[in-house]
2 protein chains.
Amino acid sequence: EIVAALSDALSDGPLKGRKILVTSGPTHEPIDPVRYIANRSSGSQGTAIANALRALGADVIFVTGPAEAARPDGVKIVEVETARDMHDAVMDALPVDAGVFAAAVADWRVASASDSKIKKTKGGLPVLEFAENPDILAKVSQLAKGRPGLVVGFAAETDDVVENATSKRQRKGCDWIVANDVSPETGIMGGSENAVVLISEDGAESWPRMGKAEVAKALAERIASALGAG
Amino acid sequence: EIVAALSDALSDGPLKGRKILVTSGPTHEPIDPVRYIANRSSGSQGTAIANALRALGADVIFVTGPAEAARPDGVKIVEVETARDMHDAVMDALPVDAGVFAAAVADWRVASASDSKIKKTKGGLPVLEFAENPDILAKVSQLAKGRPGLVVGFAAETDDVVENATSKRQRKGCDWIVANDVSPETGIMGGSENAVVLISEDGAESWPRMGKAEVAKALAERIASALGAG
């Protein structure tokens, strides 16, 4: 009953009645039964965004890869492993009022993952052939029917952050890109802070370096404004 | 003082004064600053073995990759990421009375890991070239000088477990292979139990399926016997 009361109280925020999808975490792409390709996304920014949206009253669906971060509270959680799993879970979650695609989705997978462990043979090295994964952000952004009113992508860049992220926004067709510099010297990937540039049709807006919870709160408030709910 | 007293008490076991190296966990091999190749080893068997050896009084050095499992208590811990890091840490740890190589070391790495994030380009798929990692088990087993008195390797097999593990023992030159069947249907990889076959010069001995702590205890007792300390 306490949980229900709290849940009702939270639902009184500016995003009350709005359904928002958040993707988070890495994906894992199998090579064989024991090996896989992963990435260093901890999922902590995605969890923080889901919590911030929930705090403003949104009805959040959280689709997450195998992330280290704690899962958000009071939201619907869908656990997936590969990019293809995530694609299917996202499509199942539509329609939504807004989609925030914070997951670090693998661009490619091993084309024919082996059912047996690849053996080490004398001097023999594996040849892995890759196939492109579904581009979830582009696909949702370009939906002819049922496109969310606001689509927010993320870009983790190591070079030319604003230029690469601006080009990504145009290529994908999303409304905003939340870009961050993950070059190893920043310590951001896997860390607790984020240095964000928000790319929209109005240009590039650099946010001061702040904790991931504050980035999440600022982004959730922007989303509420954009949905006319601020 | 309590810790010191406990440590003294533990050191009174049959492995008192024996220095034993245990490797554990997966290795991570970078593809670029954000992506890497991993494997599903949780490190829980390695941690259990280190704890069991410590409980018999051994002086344990624990070299571990980025494993999920809790670290063992009362042992020296060296954290590494790649197979090459692990190789260097193992060589630094020698000489030892026995080496237990429970880590799931990547056989190969990406030959020229990229310093920048590999970009997604239209239709372009990455071509990854691989290089062989150092074979830590073979190298230690075949040391002309300073070989540990007992070298124990592990084999995670998905097919023909005894045949593959017996061949592995001969190829590497180690004394024992602890082989287990990690085919997905057993649920062993990442699980809490292990179904072990111990391969030695005497042949193959199947152990009943049991918890990883019991496997560790049985193995530690065997090691104590083999070192003439049982």
# chains A, B, ... in the order shown; residues from 1 in each chain; ligands from 1
$ interface_residues --of "chain A" --to "chain B" --cutoff "8 Å" --atoms "only C-alpha atoms" --output "list in words"
Pro33, Val34, Arg35, Tyr36, Ile37, Ala38, Asn39, Arg40, Ser41, Asp107, Trp108, Ser116, Lys117, Lys120, Gly123, Leu125, Pro126, Val127, Leu128, Glu129, Phe130, Ala131, Glu132, Glu157, Thr158, Asp159, Ser183, Pro184 and Met189 of chain A
$ write_last_selection --atoms "N, CA and C atoms" --output "mmCIF file, in the first residue's frame"
data_model
loop_
_atom_site.group_PDB
_atom_site.id
_atom_site.type_symbol
_atom_site.label_atom_id
_atom_site.label_comp_id
_atom_site.auth_asym_id
_atom_site.auth_seq_id
_atom_site.Cartn_x
_atom_site.Cartn_y
_atom_site.Cartn_z
ATOM 1 N N PRO A 33 29.453 -20.690 -27.866
ATOM 2 C CA PRO A 33 28.725 -20.798 -26.587
ATOM 3 C C PRO A 33 29.430 -20.127 -25.405
ATOM 4 N N VAL A 34 30.738 -19.908 -25.469
ATOM 5 C CA VAL A 34 31.431 -19.318 -24.322
ATOM 6 C C VAL A 34 31.948 -17.899 -24.550
ATOM 7 N N ARG A 35 32.117 -17.498 -25.803
ATOM 8 C CA ARG A 35 32.695 -16.177 -26.078
ATOM 9 C C ARG A 35 31.649 -15.224 -26.635
ATOM 10 N N TYR A 36 31.834 -13.931 -26.359
ATOM 11 C CA TYR A 36 30.921 -12.943 -26.916
ATOM 12 C C TYR A 36 31.628 -11.604 -27.031
ATOM 13 N N ILE A 37 31.042 -10.731 -27.843
ATOM 14 C CA ILE A 37 31.537 -9.365 -27.973
ATOM 15 C C ILE A 37 30.662 -8.474 -27.105
ATOM 16 N N ALA A 38 31.323 -7.642 -26.299
ATOM 17 C CA ALA A 38 30.611 -6.772 -25.366
ATOM 18 C C ALA A 38 31.097 -5.346 -25.547
ATOM 19 N N ASN A 39 30.528 -4.436 -24.804
ATOM 20 C CA ASN A 39 31.065 -3.068 -24.771
ATOM 21 C C ASN A 39 30.991 -2.538 -23.347
ATOM 22 N N ARG A 40 31.677 -1.437 -23.114
ATOM 23 C CA ARG A 40 31.900 -0.985 -21.739
ATOM 24 C C ARG A 40 30.756 -0.160 -21.152
ATOM 25 N N SER A 41 29.601 -0.157 -21.787
ATOM 26 C CA SER A 41 28.474 0.575 -21.204
ATOM 27 C C SER A 41 28.054 -0.076 -19.888
ATOM 28 N N ASP A 107 26.777 -2.510 -33.240
ATOM 29 C CA ASP A 107 26.437 -2.237 -34.632
ATOM 30 C C ASP A 107 26.415 -3.511 -35.457
ATOM 31 N N TRP A 108 27.234 -4.488 -35.035
ATOM 32 C CA TRP A 108 27.323 -5.704 -35.826
ATOM 33 C C TRP A 108 27.410 -6.917 -34.907
ATOM 34 N N SER A 116 29.302 -24.789 -31.275
ATOM 35 C CA SER A 116 30.324 -25.416 -30.430
ATOM 36 C C SER A 116 31.424 -24.411 -30.181
ATOM 37 N N LYS A 117 32.160 -24.657 -29.100
ATOM 38 C CA LYS A 117 33.282 -23.784 -28.796
ATOM 39 C C LYS A 117 34.302 -23.872 -29.930
ATOM 40 N N LYS A 120 41.032 -24.177 -30.370
ATOM 41 C CA LYS A 120 42.337 -23.615 -30.672
ATOM 42 C C LYS A 120 43.119 -24.655 -31.452
ATOM 43 N N GLY A 123 48.423 -22.743 -34.755
ATOM 44 C CA GLY A 123 48.610 -21.661 -35.707
ATOM 45 C C GLY A 123 47.317 -21.167 -36.338
ATOM 46 N N LEU A 125 43.923 -19.280 -36.591
ATOM 47 C CA LEU A 125 43.221 -18.174 -35.958
ATOM 48 C C LEU A 125 41.817 -18.130 -36.537
ATOM 49 N N PRO A 126 40.880 -17.701 -35.743
ATOM 50 C CA PRO A 126 39.512 -17.706 -36.251
ATOM 51 C C PRO A 126 39.328 -16.605 -37.292
ATOM 52 N N VAL A 127 38.415 -16.820 -38.190
ATOM 53 C CA VAL A 127 37.986 -15.763 -39.095
ATOM 54 C C VAL A 127 36.530 -15.498 -38.747
ATOM 55 N N LEU A 128 36.273 -14.319 -38.247
ATOM 56 C CA LEU A 128 34.898 -13.990 -37.888
ATOM 57 C C LEU A 128 34.307 -13.112 -38.975
ATOM 58 N N GLU A 129 33.156 -13.512 -39.466
ATOM 59 C CA GLU A 129 32.471 -12.656 -40.429
ATOM 60 C C GLU A 129 31.326 -11.972 -39.713
ATOM 61 N N PHE A 130 31.168 -10.702 -40.012
ATOM 62 C CA PHE A 130 30.173 -9.915 -39.293
ATOM 63 C C PHE A 130 28.970 -9.604 -40.174
ATOM 64 N N ALA A 131 27.857 -9.384 -39.513
ATOM 65 C CA ALA A 131 26.648 -8.925 -40.195
ATOM 66 C C ALA A 131 26.148 -7.695 -39.444
ATOM 67 N N GLU A 132 25.500 -6.806 -40.166
ATOM 68 C CA GLU A 132 24.989 -5.611 -39.514
ATOM 69 C C GLU A 132 23.786 -5.933 -38.641
ATOM 70 N N GLU A 157 31.231 9.181 -28.534
ATOM 71 C CA GLU A 157 32.243 9.496 -29.531
ATOM 72 C C GLU A 157 33.616 9.591 -28.876
ATOM 73 N N THR A 158 34.639 9.235 -29.649
ATOM 74 C CA THR A 158 35.996 9.441 -29.144
ATOM 75 C C THR A 158 36.685 10.605 -29.862
ATOM 76 N N ASP A 159 36.142 11.052 -31.010
ATOM 77 C CA ASP A 159 36.764 12.138 -31.779
ATOM 78 C C ASP A 159 35.673 13.020 -32.381
ATOM 79 N N SER A 183 36.339 9.181 -24.965
ATOM 80 C CA SER A 183 37.752 8.854 -25.164
ATOM 81 C C SER A 183 38.337 8.475 -23.803
ATOM 82 N N PRO A 184 39.235 7.507 -23.791
ATOM 83 C CA PRO A 184 39.683 6.920 -22.517
ATOM 84 C C PRO A 184 40.148 7.968 -21.503
ATOM 85 N N MET A 189 33.331 6.654 -19.728
ATOM 86 C CA MET A 189 32.745 5.330 -19.952
ATOM 87 C C MET A 189 32.959 4.492 -18.691
#
$ residues_around --residues "Ala216 (chain A)" --least-positions-apart "5" --cutoff "9 Å" --atoms "only C-alpha atoms" --output "number ranges by chain"
A: 45-53, 211, 221
$ residues_around --residues "Ser42 (chain A)" --least-positions-apart "5" --cutoff "12 Å" --atoms "only C-alpha atoms" --output "ChimeraX atom specification"
/A:24-27,47-48,64-71,102-104,188-192,212 /B:34
$ residues_around --residues "region 197-199 of chain B" --least-positions-apart "3" --cutoff "9 Å" --atoms "only C-alpha atoms" --output "list in words"
Val161, Val162, Ala165, Thr166, Arg169, Asp175, Trp176, Ile177, Val178, Ala179, Asn180, Asp181, Asp202, Gly203, Ala204, Glu205, Ser206, Trp207 and Pro208 of chain B
$ atom_distance --atom1 "CA of Ala220 (chain B)" --atom2 "CA of Val78 (chain B)"
20.6 Å
$ select_by_dssp --residues "region 99-158 of chain A" --states "helix (DSSP H, G or I)" --output "list of chain:residue names"
A:Ile136, A:Leu137, A:Ala138, A:Lys139, A:Val140, A:Ser141
$ write_last_selection --atoms "C-alpha atoms" --output "short mmCIF file (atom, residue, chain, number, x, y, z; two decimals), in the first residue's frame"
data_model
loop_
_atom_site.label_atom_id
_atom_site.label_comp_id
_atom_site.auth_asym_id
_atom_site.auth_seq_id
_atom_site.Cartn_x
_atom_site.Cartn_y
_atom_site.Cartn_z
CA ILE A 136 16.99 0.47 -33.83
CA LEU A 137 17.34 4.25 -33.55
CA ALA A 138 17.07 4.84 -37.30
CA LYS A 139 14.20 2.42 -37.66
CA VAL A 140 12.12 4.02 -34.90
CA SER A 141 13.03 7.56 -36.06
#
$ residues_around --residues "region 15-22 of chain B" --least-positions-apart "2" --cutoff "6 Å" --atoms "only C-alpha atoms" --output "list of chain:residue names"
B:Ser11, B:Asp12, B:Gly13, B:Leu56, B:Gly57, B:Ala58, B:Asp59, B:Val60, B:Ile61, B:Phe62, B:Val96, B:Asp97, B:Ala98, B:Gly99, B:Val100, B:Phe101
$ write_last_selection --atoms "N, CA, C and O atoms" --output "PDB file, in the first residue's frame"
ATOM      1  N   SER B  11      47.071 -21.330   8.652  1.00  0.00           N
ATOM      2  CA  SER B  11      48.373 -21.730   8.122  1.00  0.00           C
ATOM      3  C   SER B  11      48.862 -23.038   8.710  1.00  0.00           C
ATOM      4  O   SER B  11      49.893 -23.559   8.298  1.00  0.00           O
ATOM      5  N   ASP B  12      48.127 -23.582   9.668  1.00  0.00           N
ATOM      6  CA  ASP B  12      48.530 -24.846  10.264  1.00  0.00           C
ATOM      7  C   ASP B  12      48.071 -26.060   9.472  1.00  0.00           C
ATOM      8  O   ASP B  12      48.323 -27.184   9.883  1.00  0.00           O
ATOM      9  N   GLY B  13      47.395 -25.852   8.332  1.00  0.00           N
ATOM     10  CA  GLY B  13      46.918 -26.986   7.543  1.00  0.00           C
ATOM     11  C   GLY B  13      48.052 -27.707   6.834  1.00  0.00           C
ATOM     12  O   GLY B  13      49.216 -27.303   6.932  1.00  0.00           O
ATOM     13  N   LEU B  56      43.502 -25.003   3.661  1.00  0.00           N
ATOM     14  CA  LEU B  56      44.479 -26.054   3.988  1.00  0.00           C
ATOM     15  C   LEU B  56      45.837 -25.461   4.334  1.00  0.00           C
ATOM     16  O   LEU B  56      46.822 -26.189   4.469  1.00  0.00           O
ATOM     17  N   GLY B  57      45.886 -24.123   4.442  1.00  0.00           N
ATOM     18  CA  GLY B  57      47.116 -23.494   4.935  1.00  0.00           C
ATOM     19  C   GLY B  57      48.036 -22.934   3.878  1.00  0.00           C
ATOM     20  O   GLY B  57      49.081 -22.362   4.205  1.00  0.00           O
ATOM     21  N   ALA B  58      47.655 -23.063   2.585  1.00  0.00           N
ATOM     22  CA  ALA B  58      48.563 -22.592   1.533  1.00  0.00           C
ATOM     23  C   ALA B  58      48.673 -21.070   1.524  1.00  0.00           C
ATOM     24  O   ALA B  58      47.756 -20.357   1.930  1.00  0.00           O
ATOM     25  N   ASP B  59      49.813 -20.639   0.999  1.00  0.00           N
ATOM     26  CA  ASP B  59      50.068 -19.232   0.728  1.00  0.00           C
ATOM     27  C   ASP B  59      49.680 -19.028  -0.742  1.00  0.00           C
ATOM     28  O   ASP B  59      50.401 -19.451  -1.645  1.00  0.00           O
ATOM     29  N   VAL B  60      48.494 -18.409  -0.973  1.00  0.00           N
ATOM     30  CA  VAL B  60      47.910 -18.374  -2.316  1.00  0.00           C
ATOM     31  C   VAL B  60      48.116 -17.020  -2.990  1.00  0.00           C
ATOM     32  O   VAL B  60      47.894 -15.975  -2.379  1.00  0.00           O
ATOM     33  N   ILE B  61      48.547 -17.057  -4.266  1.00  0.00           N
ATOM     34  CA  ILE B  61      48.549 -15.865  -5.119  1.00  0.00           C
ATOM     35  C   ILE B  61      47.450 -16.065  -6.146  1.00  0.00           C
ATOM     36  O   ILE B  61      47.446 -17.072  -6.870  1.00  0.00           O
ATOM     37  N   PHE B  62      46.535 -15.105  -6.203  1.00  0.00           N
ATOM     38  CA  PHE B  62      45.335 -15.241  -7.020  1.00  0.00           C
ATOM     39  C   PHE B  62      45.382 -14.195  -8.129  1.00  0.00           C
ATOM     40  O   PHE B  62      45.235 -13.001  -7.886  1.00  0.00           O
ATOM     41  N   VAL B  96      56.549 -21.109  -7.704  1.00  0.00           N
ATOM     42  CA  VAL B  96      55.505 -21.585  -6.786  1.00  0.00           C
ATOM     43  C   VAL B  96      55.609 -23.114  -6.699  1.00  0.00           C
ATOM     44  O   VAL B  96      56.195 -23.747  -7.580  1.00  0.00           O
ATOM     45  N   ASP B  97      54.996 -23.667  -5.658  1.00  0.00           N
ATOM     46  CA  ASP B  97      54.997 -25.127  -5.517  1.00  0.00           C
ATOM     47  C   ASP B  97      53.996 -25.782  -6.458  1.00  0.00           C
ATOM     48  O   ASP B  97      54.212 -26.894  -6.939  1.00  0.00           O
ATOM     49  N   ALA B  98      52.872 -25.093  -6.677  1.00  0.00           N
ATOM     50  CA  ALA B  98      51.868 -25.623  -7.611  1.00  0.00           C
ATOM     51  C   ALA B  98      51.161 -24.447  -8.272  1.00  0.00           C
ATOM     52  O   ALA B  98      51.060 -23.361  -7.696  1.00  0.00           O
ATOM     53  N   GLY B  99      50.701 -24.685  -9.493  1.00  0.00           N
ATOM     54  CA  GLY B  99      49.925 -23.674 -10.216  1.00  0.00           C
ATOM     55  C   GLY B  99      48.608 -24.280 -10.669  1.00  0.00           C
ATOM     56  O   GLY B  99      48.595 -25.366 -11.244  1.00  0.00           O
ATOM     57  N   VAL B 100      47.516 -23.580 -10.381  1.00  0.00           N
ATOM     58  CA  VAL B 100      46.179 -24.048 -10.776  1.00  0.00           C
ATOM     59  C   VAL B 100      45.626 -23.011 -11.742  1.00  0.00           C
ATOM     60  O   VAL B 100      45.321 -21.883 -11.345  1.00  0.00           O
ATOM     61  N   PHE B 101      45.514 -23.400 -13.018  1.00  0.00           N
ATOM     62  CA  PHE B 101      45.184 -22.436 -14.065  1.00  0.00           C
ATOM     63  C   PHE B 101      43.703 -22.540 -14.429  1.00  0.00           C
ATOM     64  O   PHE B 101      43.338 -23.134 -15.427  1.00  0.00           O
TER      65      PHE B 101
END
